[in-house]
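Listing of coords04.tsv, TSV, C-alpha atoms
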```tsv
chain	number	residue	atom	x	y	z
C	1	MET	CA	40.30	47.38	33.72
C	2	ILE	CA	43.55	46.25	35.37
C	3	PRO	CA	43.20	48.48	38.46
C	4	ALA	CA	39.63	47.20	38.84
C	5	ILE	CA	40.87	43.59	38.84
C	6	ILE	CA	43.45	44.43	41.49
C	7	LEU	CA	40.87	46.15	43.68
C	8	VAL	CA	38.48	43.20	43.40
C	9	ALA	CA	41.25	40.79	44.35
C	10	LEU	CA	42.21	42.91	47.35
C	11	PHE	CA	38.56	43.03	48.41
C	12	LEU	CA	38.47	39.25	48.32
C	13	LEU	CA	41.59	39.17	50.47
C	14	PHE	CA	39.81	41.07	53.24
C	15	HIS	CA	37.06	38.47	53.35
C	16	SER	CA	39.44	35.54	53.06
C	17	GLU	CA	41.48	36.49	56.13
C	18	PRO	CA	39.30	34.76	58.77
C	19	SER	CA	39.45	31.48	56.90
C	20	ASN	CA	43.20	31.66	56.51
C	21	ALA	CA	43.62	32.51	60.15
C	22	GLN	CA	41.52	29.54	61.07
C	23	ASN	CA	43.63	27.32	58.87
C	24	ASN	CA	46.78	28.58	60.54
C	25	THR	CA	45.47	27.87	64.02
C	26	ASN	CA	43.88	24.54	63.24
C	27	VAL	CA	45.89	22.82	60.55
C	28	SER	CA	44.18	19.48	60.98
C	29	SER	CA	40.78	20.86	59.90
C	30	VAL	CA	40.09	20.36	56.19
C	31	PRO	CA	38.42	23.36	54.52
C	32	SER	CA	35.24	22.89	52.53
C	33	GLY	CA	35.87	21.88	48.95
C	34	CYS	CA	39.08	19.98	49.63
C	35	GLY	CA	39.59	16.26	50.07
C	36	SER	CA	40.74	14.74	53.32
C	37	ASN	CA	43.83	13.19	51.71
C	38	LEU	CA	45.03	16.52	50.25
C	39	GLY	CA	48.09	18.17	51.76
C	40	SER	CA	47.72	21.42	53.63
C	41	ASP	CA	50.00	23.21	51.18
C	42	TYR	CA	47.36	22.81	48.46
C	43	TYR	CA	44.31	23.94	50.42
C	44	LEU	CA	44.12	27.33	48.67
C	45	LEU	CA	43.49	25.59	45.35
C	46	CYS	CA	40.16	24.24	46.57
C	47	ASP	CA	39.19	26.22	49.68
C	48	LYS	CA	35.76	27.75	49.03
C	49	ASN	CA	36.11	30.13	51.94
C	50	SER	CA	39.36	31.61	50.57
C	51	SER	CA	37.93	32.37	47.18
C	52	TRP	CA	40.91	34.34	45.86
C	53	GLY	CA	42.85	31.14	45.23
C	54	ILE	CA	40.04	29.57	43.21
C	55	ILE	CA	39.49	32.78	41.19
C	56	LEU	CA	43.17	33.17	40.32
C	57	GLU	CA	43.41	29.46	39.58
C	58	THR	CA	40.49	29.77	37.13
C	59	LEU	CA	41.98	32.83	35.42
C	60	ALA	CA	45.38	31.15	35.16
C	61	THR	CA	43.88	27.98	33.70
C	62	ALA	CA	41.92	29.98	31.12
C	63	GLY	CA	45.12	31.85	30.26
C	64	ILE	CA	47.01	28.60	29.73
C	65	VAL	CA	44.33	27.33	27.34
C	66	VAL	CA	44.23	30.62	25.42
C	67	SER	CA	48.02	30.73	25.18
C	68	LEU	CA	48.16	27.20	23.76
C	69	VAL	CA	45.47	28.05	21.19
C	70	LEU	CA	47.33	31.21	20.16
C	71	ILE	CA	50.60	29.29	19.81
C	72	VAL	CA	48.91	26.80	17.48
C	73	ILE	CA	47.33	29.63	15.46
C	74	LEU	CA	50.66	31.45	15.20
C	75	VAL	CA	52.57	28.38	14.06
C	76	GLY	CA	49.85	27.59	11.52
C	77	CYS	CA	49.85	31.14	10.12
C	78	ILE	CA	53.61	31.52	9.66
C	79	PRO	CA	53.83	29.48	6.38
C	80	PHE	CA	51.11	31.66	4.82
C	81	VAL	CA	52.70	35.01	5.67
C	82	LYS	CA	53.88	36.56	2.40
C	83	ASP	CA	55.85	39.46	3.87
C	84	CYS	CA	59.24	38.24	5.08
C	85	ARG	CA	59.46	41.20	7.48
C	86	LYS	CA	56.34	40.04	9.31
C	87	ARG	CA	57.60	36.47	9.28
C	88	ALA	CA	60.74	37.58	11.13
C	89	ASN	CA	58.60	39.36	13.74
C	90	ALA	CA	56.53	36.19	14.19
C	91	ALA	CA	59.57	34.41	15.65
C	92	LEU	CA	59.78	37.04	18.39
C	93	LEU	CA	56.06	36.72	19.02
C	94	PHE	CA	56.45	32.96	19.43
C	95	PHE	CA	59.00	33.38	22.24
C	96	PHE	CA	56.81	36.03	23.82
C	97	LEU	CA	53.89	33.59	23.85
C	98	LEU	CA	56.07	30.95	25.50
C	99	GLY	CA	56.94	33.40	28.26
C	100	THR	CA	53.29	34.35	28.73
C	101	PHE	CA	52.32	30.69	28.91
C	102	GLY	CA	54.93	30.22	31.63
C	103	LEU	CA	53.58	33.19	33.63
C	104	PHE	CA	50.13	31.63	33.77
C	105	GLY	CA	51.61	28.34	34.93
C	106	LEU	CA	53.81	30.04	37.53
C	107	THR	CA	50.70	31.44	39.22
C	108	PHE	CA	49.98	28.02	40.72
C	109	ALA	CA	53.38	28.07	42.47
C	110	PHE	CA	52.29	31.20	44.36
C	111	ILE	CA	48.81	29.86	45.18
C	112	ILE	CA	50.43	26.78	46.73
C	113	LYS	CA	52.19	27.54	49.99
C	114	SER	CA	55.90	28.14	49.85
C	115	ASN	CA	58.00	25.04	50.52
C	116	GLU	CA	61.31	23.55	49.46
C	117	ARG	CA	59.98	22.78	45.97
C	118	THR	CA	57.88	25.84	45.16
C	119	CYS	CA	60.25	28.46	46.56
C	120	PRO	CA	63.15	27.88	44.07
C	121	THR	CA	60.59	27.76	41.26
C	122	ARG	CA	59.18	31.11	42.31
C	123	ILE	CA	62.55	32.82	42.59
C	124	PHE	CA	63.98	31.47	39.36
C	125	LEU	CA	61.05	31.59	36.94
C	126	PHE	CA	59.50	34.90	38.02
C	127	GLY	CA	62.39	36.96	36.72
C	128	VAL	CA	63.35	34.68	33.82
C	129	LEU	CA	59.87	34.57	32.28
C	130	PHE	CA	59.38	38.32	32.54
C	131	ALA	CA	62.87	38.87	31.14
C	132	MET	CA	61.94	36.75	28.12
C	133	CYS	CA	58.77	38.77	27.51
C	134	PHE	CA	60.40	42.19	27.94
C	135	SER	CA	63.39	41.19	25.80
C	136	SER	CA	61.00	40.13	23.06
C	137	LEU	CA	59.27	43.52	23.20
C	138	PHE	CA	62.63	45.32	23.08
C	139	CYS	CA	63.85	43.31	20.08
C	140	HIS	CA	60.55	43.89	18.33
C	141	ASN	CA	60.97	47.62	18.86
C	142	LEU	CA	64.45	47.49	17.32
C	143	ARG	CA	63.00	46.02	14.15
C	144	LEU	CA	60.06	48.42	14.12
C	145	MET	CA	62.35	51.44	14.47
C	146	GLY	CA	63.99	50.49	11.18
C	147	LEU	CA	60.76	49.49	9.46
C	148	VAL	CA	59.08	52.84	10.08
C	149	ARG	CA	62.08	54.71	8.67
C	150	ASN	CA	63.36	52.80	5.66
C	151	GLY	CA	61.13	49.72	5.44
C	152	LYS	CA	63.90	47.46	6.81
C	153	GLY	CA	64.62	46.46	10.38
C	154	PHE	CA	67.79	47.55	12.15
C	155	VAL	CA	68.44	43.88	12.92
C	156	THR	CA	67.39	40.79	10.99
C	157	GLY	CA	65.03	38.20	12.39
C	158	GLY	CA	67.84	35.79	13.26
C	159	TRP	CA	69.88	38.43	15.08
C	160	ALA	CA	66.76	39.60	16.92
C	161	VAL	CA	66.08	36.11	18.25
C	162	THR	CA	69.75	35.73	19.22
C	163	LEU	CA	69.65	39.03	21.10
C	164	LEU	CA	66.44	37.94	22.86
C	165	ILE	CA	68.04	34.71	24.08
C	166	ALA	CA	71.20	36.55	25.19
C	167	LEU	CA	69.24	39.12	27.21
C	168	THR	CA	67.21	36.34	28.85
C	169	LEU	CA	70.32	34.35	29.75
C	170	VAL	CA	71.61	37.33	31.74
C	171	GLN	CA	68.63	37.05	34.08
C	172	VAL	CA	69.11	33.27	34.24
C	173	ILE	CA	72.65	33.76	35.55
C	174	ILE	CA	71.50	36.41	38.04
C	175	ALA	CA	68.69	34.18	39.33
C	176	ILE	CA	70.96	31.14	39.75
C	177	GLU	CA	73.57	33.12	41.69
C	178	TRP	CA	70.93	34.75	43.87
C	179	LEU	CA	69.19	31.43	44.49
C	180	ILE	CA	72.42	29.70	45.51
C	181	THR	CA	73.20	32.53	47.91
C	182	VAL	CA	69.77	32.38	49.54
C	183	LEU	CA	69.72	28.58	49.86
C	184	VAL	CA	73.04	28.37	51.68
C	185	ARG	CA	72.56	31.45	53.85
C	186	ASP	CA	72.04	30.66	57.55
C	187	ASN	CA	71.03	27.10	56.58
C	188	LEU	CA	67.47	28.35	56.09
C	189	PRO	CA	66.26	27.63	52.55
C	190	CYS	CA	64.28	30.44	50.91
C	191	ASN	CA	64.48	32.68	53.95
C	192	TYR	CA	64.62	36.13	52.35
C	193	PHE	CA	63.07	39.55	52.74
C	194	GLN	CA	60.60	41.10	50.33
C	195	TYR	CA	62.92	43.91	49.28
C	196	GLU	CA	65.56	41.30	48.43
C	197	PHE	CA	63.13	39.68	46.02
C	198	VAL	CA	62.55	43.08	44.39
C	199	THR	CA	66.31	43.61	44.15
C	200	LEU	CA	66.57	40.35	42.22
C	201	LEU	CA	64.33	41.89	39.53
C	202	ILE	CA	66.30	45.10	38.90
C	203	TYR	CA	67.61	43.81	35.57
C	204	VAL	CA	64.06	42.78	34.56
C	205	MET	CA	62.78	46.27	35.38
C	206	PHE	CA	65.62	47.69	33.28
C	207	LEU	CA	64.40	45.64	30.31
C	208	LEU	CA	60.85	46.87	30.90
C	209	VAL	CA	61.92	50.52	30.88
C	210	LEU	CA	64.08	49.89	27.81
C	211	ALA	CA	61.12	48.36	25.96
C	212	TRP	CA	58.93	51.32	26.93
C	213	ILE	CA	61.47	53.93	25.79
C	214	THR	CA	62.18	52.25	22.46
C	215	SER	CA	58.45	51.98	21.75
C	216	LEU	CA	58.32	55.80	21.68
C	217	PHE	CA	60.80	55.93	18.78
C	218	VAL	CA	58.59	53.67	16.68
C	219	PHE	CA	56.22	56.60	16.12
C	220	CYS	CA	58.96	58.54	14.28
C	221	GLY	CA	59.04	57.45	10.64
C	222	VAL	CA	57.44	57.74	7.22
C	223	HIS	CA	56.06	54.21	6.93
C	224	LYS	CA	52.87	54.62	8.93
C	225	GLU	CA	51.68	51.05	8.43
C	226	TRP	CA	54.25	49.83	11.00
C	227	LYS	CA	53.36	52.38	13.66
C	228	LYS	CA	50.31	50.46	14.84
C	229	HIS	CA	52.63	47.64	15.95
C	230	GLY	CA	54.56	50.14	18.02
C	231	ALA	CA	51.28	51.33	19.54
C	232	PHE	CA	50.59	47.79	20.76
C	233	VAL	CA	53.98	47.62	22.47
C	234	PHE	CA	53.58	51.10	23.96
C	235	LEU	CA	50.15	50.32	25.44
C	236	THR	CA	51.34	46.96	26.78
C	237	THR	CA	54.41	48.42	28.47
C	238	ASP	CA	52.37	51.28	29.96
C	239	LEU	CA	49.93	48.89	31.64
C	240	THR	CA	52.79	46.65	32.73
C	241	VAL	CA	54.59	49.53	34.42
C	242	CYS	CA	51.40	50.35	36.33
C	243	ILE	CA	51.01	46.75	37.49
C	244	TRP	CA	54.64	46.51	38.61
C	245	VAL	CA	54.46	49.76	40.56
C	246	VAL	CA	51.35	48.53	42.39
C	247	TRP	CA	52.65	45.10	43.37
C	248	ILE	CA	56.10	46.37	44.39
C	249	ILE	CA	54.57	49.02	46.64
C	250	MET	CA	52.15	46.50	48.14
C	251	LEU	CA	54.86	43.88	48.70
C	252	THR	CA	57.43	46.20	50.27
C	253	ARG	CA	55.31	48.78	52.11
C	254	GLY	CA	51.58	48.27	51.73
C	255	ASN	CA	51.32	44.91	53.42
C	256	VAL	CA	53.42	46.15	56.34
C	257	ASP	CA	51.36	49.31	56.81
C	258	LEU	CA	48.12	47.30	56.65
C	259	ASN	CA	49.55	44.66	58.99
C	260	LYS	CA	48.86	41.94	56.40
C	261	ARG	CA	52.33	40.40	56.12
C	262	PRO	CA	52.90	37.59	55.27
C	263	LEU	CA	49.22	36.88	54.63
C	264	TRP	CA	48.99	39.07	51.52
C	265	ASP	CA	52.46	38.46	50.03
C	266	ASP	CA	51.59	35.46	47.90
C	267	PRO	CA	48.20	36.81	46.75
C	268	VAL	CA	49.81	40.09	45.63
C	269	LEU	CA	52.38	38.27	43.49
C	270	SER	CA	49.73	35.91	42.11
C	271	ILE	CA	47.50	38.82	41.10
C	272	ALA	CA	50.47	40.54	39.46
C	273	LEU	CA	51.27	37.43	37.42
C	274	VAL	CA	47.72	36.80	36.20
C	275	SER	CA	46.89	40.43	35.44
C	276	ASN	CA	50.16	41.09	33.63
C	277	ALA	CA	49.88	37.90	31.57
C	278	TRP	CA	46.35	38.80	30.48
C	279	VAL	CA	47.56	42.28	29.50
C	280	PHE	CA	50.15	40.60	27.27
C	281	ILE	CA	47.47	38.45	25.65
C	282	LEU	CA	44.79	41.10	25.12
C	283	PHE	CA	46.84	44.14	24.17
C	284	TYR	CA	49.80	42.64	22.31
C	285	VAL	CA	49.53	39.00	21.24
C	286	ILE	CA	46.00	38.99	19.81
C	287	PRO	CA	46.45	42.26	17.81
C	288	GLU	CA	49.81	41.10	16.46
C	289	ILE	CA	48.40	37.77	15.29
C	290	HIS	CA	45.44	39.61	13.74
C	291	TYR	CA	47.70	41.88	11.68
C	292	LEU	CA	50.12	39.09	10.83
C	293	ASN	CA	48.27	38.11	7.64
C	294	CYS	CA	46.82	41.55	6.88
C	295	GLY	CA	48.61	43.21	3.97
C	296	ASN	CA	49.81	46.79	4.23
C	297	LYS	CA	48.32	49.48	2.01
C	298	ASP	CA	51.57	50.02	0.15
C	299	ASP	CA	51.84	46.30	-0.54
C	300	MET	CA	48.31	46.22	-1.99
C	301	TYR	CA	49.12	49.08	-4.34
C	302	ASP	CA	52.30	47.39	-5.46
C	303	ASP	CA	50.47	44.12	-6.14
C	304	ALA	CA	47.83	45.89	-8.21
C	305	ALA	CA	50.46	47.72	-10.24
C	306	SER	CA	52.43	44.56	-10.91
C	307	ALA	CA	49.29	42.83	-12.11
C	308	MET	CA	48.95	45.48	-14.87
C	309	PRO	CA	52.41	45.80	-16.43
C	310	THR	CA	51.26	48.38	-18.99
C	311	LEU	CA	50.88	50.94	-16.21
C	312	THR	CA	54.36	50.69	-14.74
C	313	TYR	CA	56.67	48.95	-17.20
C	314	GLN	CA	58.07	50.47	-20.38
C	315	LYS	CA	57.60	48.58	-23.62
C	316	HIS	CA	60.65	47.18	-25.34
C	317	GLY	CA	61.13	46.44	-29.04
C	318	LEU	CA	59.66	47.98	-32.20
C	319	GLU	CA	56.05	48.90	-32.50
C	320	ASN	CA	53.93	47.69	-35.39
C	321	LYS	CA	53.90	50.70	-37.71
C	322	MET	CA	51.09	49.21	-39.74
C	323	PHE	CA	48.65	50.95	-37.43
C	324	ARG	CA	50.38	54.33	-37.33
C	325	LYS	CA	50.17	57.18	-39.81
C	326	ASP	CA	53.25	58.50	-41.49
C	327	GLU	CA	54.64	61.84	-40.43
C	328	GLY	CA	53.61	63.56	-43.66
C	329	ASP	CA	50.02	62.30	-43.76
C	330	ASP	CA	48.61	65.78	-43.38
C	331	ASP	CA	49.91	66.74	-46.83
C	332	VAL	CA	48.35	63.74	-48.54
C	333	PRO	CA	45.14	64.48	-50.48
C	334	LYS	CA	41.93	63.24	-48.97
C	335	ASP	CA	41.21	60.86	-51.82
C	336	LYS	CA	44.59	59.19	-51.28
C	337	HIS	CA	43.75	58.58	-47.60
C	338	LEU	CA	41.02	56.28	-48.81
C	339	TYR	CA	43.76	53.93	-49.93
C	340	MET	CA	46.56	54.65	-47.40
C	341	ASP	CA	44.85	55.41	-44.08
C	342	SER	CA	43.09	52.11	-43.53
C	343	PRO	CA	44.86	49.83	-40.98
C	344	TYR	CA	44.08	46.84	-43.14
C	345	ASP	CA	45.92	48.11	-46.23
C	346	SER	CA	49.34	46.80	-47.13
C	347	THR	CA	52.47	48.87	-46.94
C	348	LEU	CA	52.53	49.25	-50.76
C	349	PRO	CA	49.85	51.57	-52.20
C	350	MET	CA	47.48	50.19	-54.78
C	351	GLN	CA	47.67	51.73	-58.27
C	352	ASN	CA	45.43	51.55	-61.32
C	353	LEU	CA	47.09	49.29	-63.88
C	354	GLY	CA	45.12	50.49	-66.94
C	355	PRO	CA	41.75	51.50	-68.31
C	356	SER	CA	38.93	49.26	-67.38
C	357	ARG	CA	37.47	46.93	-70.03
C	358	ASP	CA	33.95	45.89	-70.68
C	359	PHE	CA	33.49	42.25	-69.89
C	360	SER	CA	29.78	42.13	-70.70
C	361	ILE	CA	28.44	39.44	-73.02
C	362	PRO	CA	27.85	40.88	-76.59
C	363	ARG	CA	24.38	40.82	-78.00
C	364	PRO	CA	23.67	39.81	-81.60
C	365	HIS	CA	22.65	42.62	-83.95
C	366	THR	CA	20.70	42.62	-87.19
C	367	ARG	CA	22.67	42.26	-90.37
C	368	ASN	CA	23.32	45.49	-92.23
C	369	ALA	CA	22.56	44.94	-95.86
C	370	GLN	CA	24.55	47.91	-97.02
C	371	ASN	CA	27.83	47.18	-95.27
C	372	GLY	CA	27.59	43.47	-95.68
C	373	PRO	CA	27.65	40.81	-93.07
C	374	GLU	CA	28.92	41.91	-89.63
C	375	HIS	CA	30.70	39.58	-87.22
C	376	PRO	CA	28.97	39.65	-83.79
C	377	TYR	CA	32.24	39.89	-81.80
C	378	ASN	CA	33.89	42.71	-83.73
C	379	GLU	CA	33.14	45.27	-81.09
C	380	TYR	CA	34.34	42.94	-78.36
C	381	TYR	CA	37.77	42.56	-79.95
C	382	GLY	CA	37.95	46.15	-81.10
C	383	ARG	CA	37.72	45.34	-84.79
C	384	LYS	CA	36.26	47.76	-87.24
C	385	PRO	CA	33.93	46.53	-89.94
```
Before we go any further, please render this structure as structure tokens.
Amino acid sequence: MIPAIILVALFLLFHSEPSNAQNNTNVSSVPSGCGSNLGSDYYLLCDKNSSWGIILETLATAGIVVSLVLIVILVGCIPFVKDCRKRANAALLFFFLLGTFGLFGLTFAFIIKSNERTCPTRIFLFGVLFAMCFSSLFCHNLRLMGLVRNGKGFVTGGWAVTLLIALTLVQVIIAIEWLITVLVRDNLPCNYFQYEFVTLLIYVMFLLVLAWITSLFVFCGVHKEWKKHGAFVFLTTDLTVCIWVVWIIMLTRGNVDLNKRPLWDDPVLSIALVSNAWVFILFYVIPEIHYLNCGNKDDMYDDAASAMPTLTYQKHGLENKMFRKDEGDDDVPKDKHLYMDSPYDSTLPMQNLGPSRDFSIPRPHTRNAQNGPEHPYNEYYGRKP
């Protein structure tokens, strides 16, 4: 997909050359689509004949909107993330989104013609923004390398953010020193060669290679649920390396061999910015935000086990022996089990207290003339006549 975008943009450059040449020869003519009161430096933003500027402007604007929406979604999701390890990674993702947002905005500085205001912005922000993104990927890999091995990152979230800022500040210092040197050299502001601009980005390319190498170590570990995050970083760095190889070759050699310098210099850098920023969004930011609130399989099993304590936790205290047979129950006669084996019986066995008595109401009998009168309750009280 990315090589196809580059080829389409280069095809548009071939067809945009006559219009640009006309604009160079006749500066006073206003191209179609632009207002008469607009400066000539901004003609590429609205020139319908040079369509590459309008296309890149549209893609950059869409990227800015998408980046802002993703930042809002990320900030809104952080309070609902239960896993503290993912919450620490979200801080790195936030800085990465800020850098991606800046790359989309920087595209407009390369669509506008280079002048005293846009040139320092190009030199300074190009390396700093990419350094922020690549440092974020590297710090994320450091945490993932520990998570896939022992479930804990090699560095905490706070130290990872601190390392990210420190690595970015190195490029800030390099860019300031380089910019001061170029501005005061020969009293010609922003008069530099293309290979000098590439030399300025050596430290940024080092961070890119470092992020790519460390992403390979993420695949070595026992916790497989974290390896998919390393796959996102690996795919993103692979595509980024391809894009950087293409634009560096085109800027240093390709434009010279095709006799398109300086006509193609700004479009090549603009295409590199837009394509690389969209790679960051599609292959890293969106998948990471998607999996931010998704629970891992091990976490789901742990939650289910903790919800049923009888499966994992040992009981403490004495059991109710009312519902358990004694150890010698097998030797007890069967008729005794009728009294002792029921769970509703008391601990003391029931015993017969004496012979049963007849509590029936006595009936009157006829008087026996021979033995004399008989009392009707003699048999009830056990009396003998």
Next on the checklist: Taking only C-alpha atoms into account, name the residue in C:Gln194, C:Thr252, C:Ser32, C:Thr236 that is nearest to Val209 of chain C.
Outcome noted: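 Closest candidate: C:Thr236.
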Checklist entry - Out of C:Ser29, C:Ile64, C:Val285, C:Ile202, which residue has the shortest atom-to-atom distance to Phe95 of chain C when counting all atoms listed in the file? => result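 Using all atoms listed in the file, the shortest distance to Phe95 of chain C belongs to C:Val285.
Each of C:Thr237, C:Asn150, C:Asn259, C:Thr181 was compared to His223 of chain C using all atoms listed in the file, and C:Asn150 turns out to be the nearest.
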Next on the checklist: One decimal, in Å: what's the spacing between atom CA of Trp212 of chain C and atom CA of Gly230 of chain C?
Outcome noted: 10.0 Å
Checklist entry - Could you pull the residues within 9 Å of segment 203-205 of chain C, counting all atoms listed in the file, minus those fewer than 4 positions along the same chain, as a PyMOL selection string? => result chain C and resi 127-128+130-131+134-135+170-171+174+199+209-210+241+244
Checklist outcome for this item: Taken to one decimal, the atom CA of Phe108 of chain C-atom CA of Leu74 of chain C distance is 25.8 Å
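Distance check against Leu164 of chain C using only C-alpha atoms: of C:Val274, C:Ile243, C:Leu93, C:Ile281, the minimum falls on C:Leu93.
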Item to check | Spatial neighbours of segment 246-250 of chain C, 9 Å, all atoms listed in the file, chain gap at least 4 places, as a list of chain:residue names | outcome: C:Ile6, C:Tyr195, C:Val198, C:Val241, C:Cys242, C:Gly254, C:Asn255, C:Val256, C:Trp264, C:Asp265, C:Val268, C:Leu269, C:Ile271, C:Ala272
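The space between atom CA of His140 of chain C and atom CA of Leu216 of chain C spans 12.6 Å.
For the residues C:Ile176, C:Met145, C:Leu56, C:Cys220, ranking by smallest atom-to-atom distance to Leu106 of chain C using only C-alpha atoms places C:Leu56 first.
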Item to check | Gly35 of chain C surroundings by all atoms listed in the file, 12 Å radius, close-in-sequence under 5 positions cut, as a list in words | outcome: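 Selected residues are Ser29, Val30, Ser40, Tyr42, Tyr43, Leu45, Cys46 and Asp47 of chain C.
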Got time to write the residues from that selection, C-alpha atoms, as a short mmCIF file (atom, residue, chain, number, x, y, z; two decimals), in the coordinates of the input?
```cif
data_model
loop_
_atom_site.label_atom_id
_atom_site.label_comp_id
_atom_site.auth_asym_id
_atom_site.auth_seq_id
_atom_site.Cartn_x
_atom_site.Cartn_y
_atom_site.Cartn_z
CA SER C 29 40.78 20.86 59.90
CA VAL C 30 40.09 20.36 56.19
CA SER C 40 47.72 21.42 53.63
CA TYR C 42 47.36 22.81 48.46
CA TYR C 43 44.31 23.94 50.42
CA LEU C 45 43.49 25.59 45.35
CA CYS C 46 40.16 24.24 46.57
CA ASP C 47 39.19 26.22 49.68
#
```
Checklist entry - Which of these, C:Trp226, C:Phe197, C:Leu251, C:Thr156, has the shortest distance to Asp266 of chain C once you count all atoms listed in the file? => result C:Leu251
Item to check | Close residues, Tyr192 of chain C itself excluded, 12 Å, all atoms listed in the file, min 2 positions apart in chain, as a PyMOL selection string | outcome: chain C and resi 119-120+123+178-179+181-190+194-200
Item to check | Leu147 of chain C environment, 12 Å, only C-alpha atoms, sequence neighbours closer than 3 positions dropped, as a list in words | outcome: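 In the requested form, the answer reads Arg85, Lys86, Asn89, His140, Asn141, Leu142, Arg143, Leu144, Asn150, Gly151, Lys152, Gly153, Phe154, Val155, Thr156, Phe217, Val218, Phe219, Cys220, Gly221, Val222, His223, Lys224, Glu225, Trp226, Lys227, Lys228, His229 and Gly230 of chain C.
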Next on the checklist: Here's a test: counting all atoms listed in the file, identify every protein, DNA and RNA residue with an atom at most 12 Å from (50.6, 27.2, 18.4) in the file's coordinate frame, and state them as a PyMOL selection string.
Outcome noted: chain C and resi 64-78+90-91+93-95+97-98+101+289
Checklist entry - What residues have an atom no more than 12 Å from (47.0, 51.1, 24.1) in the file's own frame, counting all atoms listed in the file, and can you write them as a PyMOL selection string? => result chain C and resi 215+228-240+279-280+282-284+287
Draw an axis-aligned box over all listed atoms of segment 272-283 of chain C, pad each side with 6 Å, and write its centre and edge lengths in Å, one decimal, as lines of an AutoDock Vina configuration file.
```
center_x = 48.0
center_y = 40.5
center_z = 31.8
size_x = 18.5
size_y = 19.3
size_z = 27.3
```
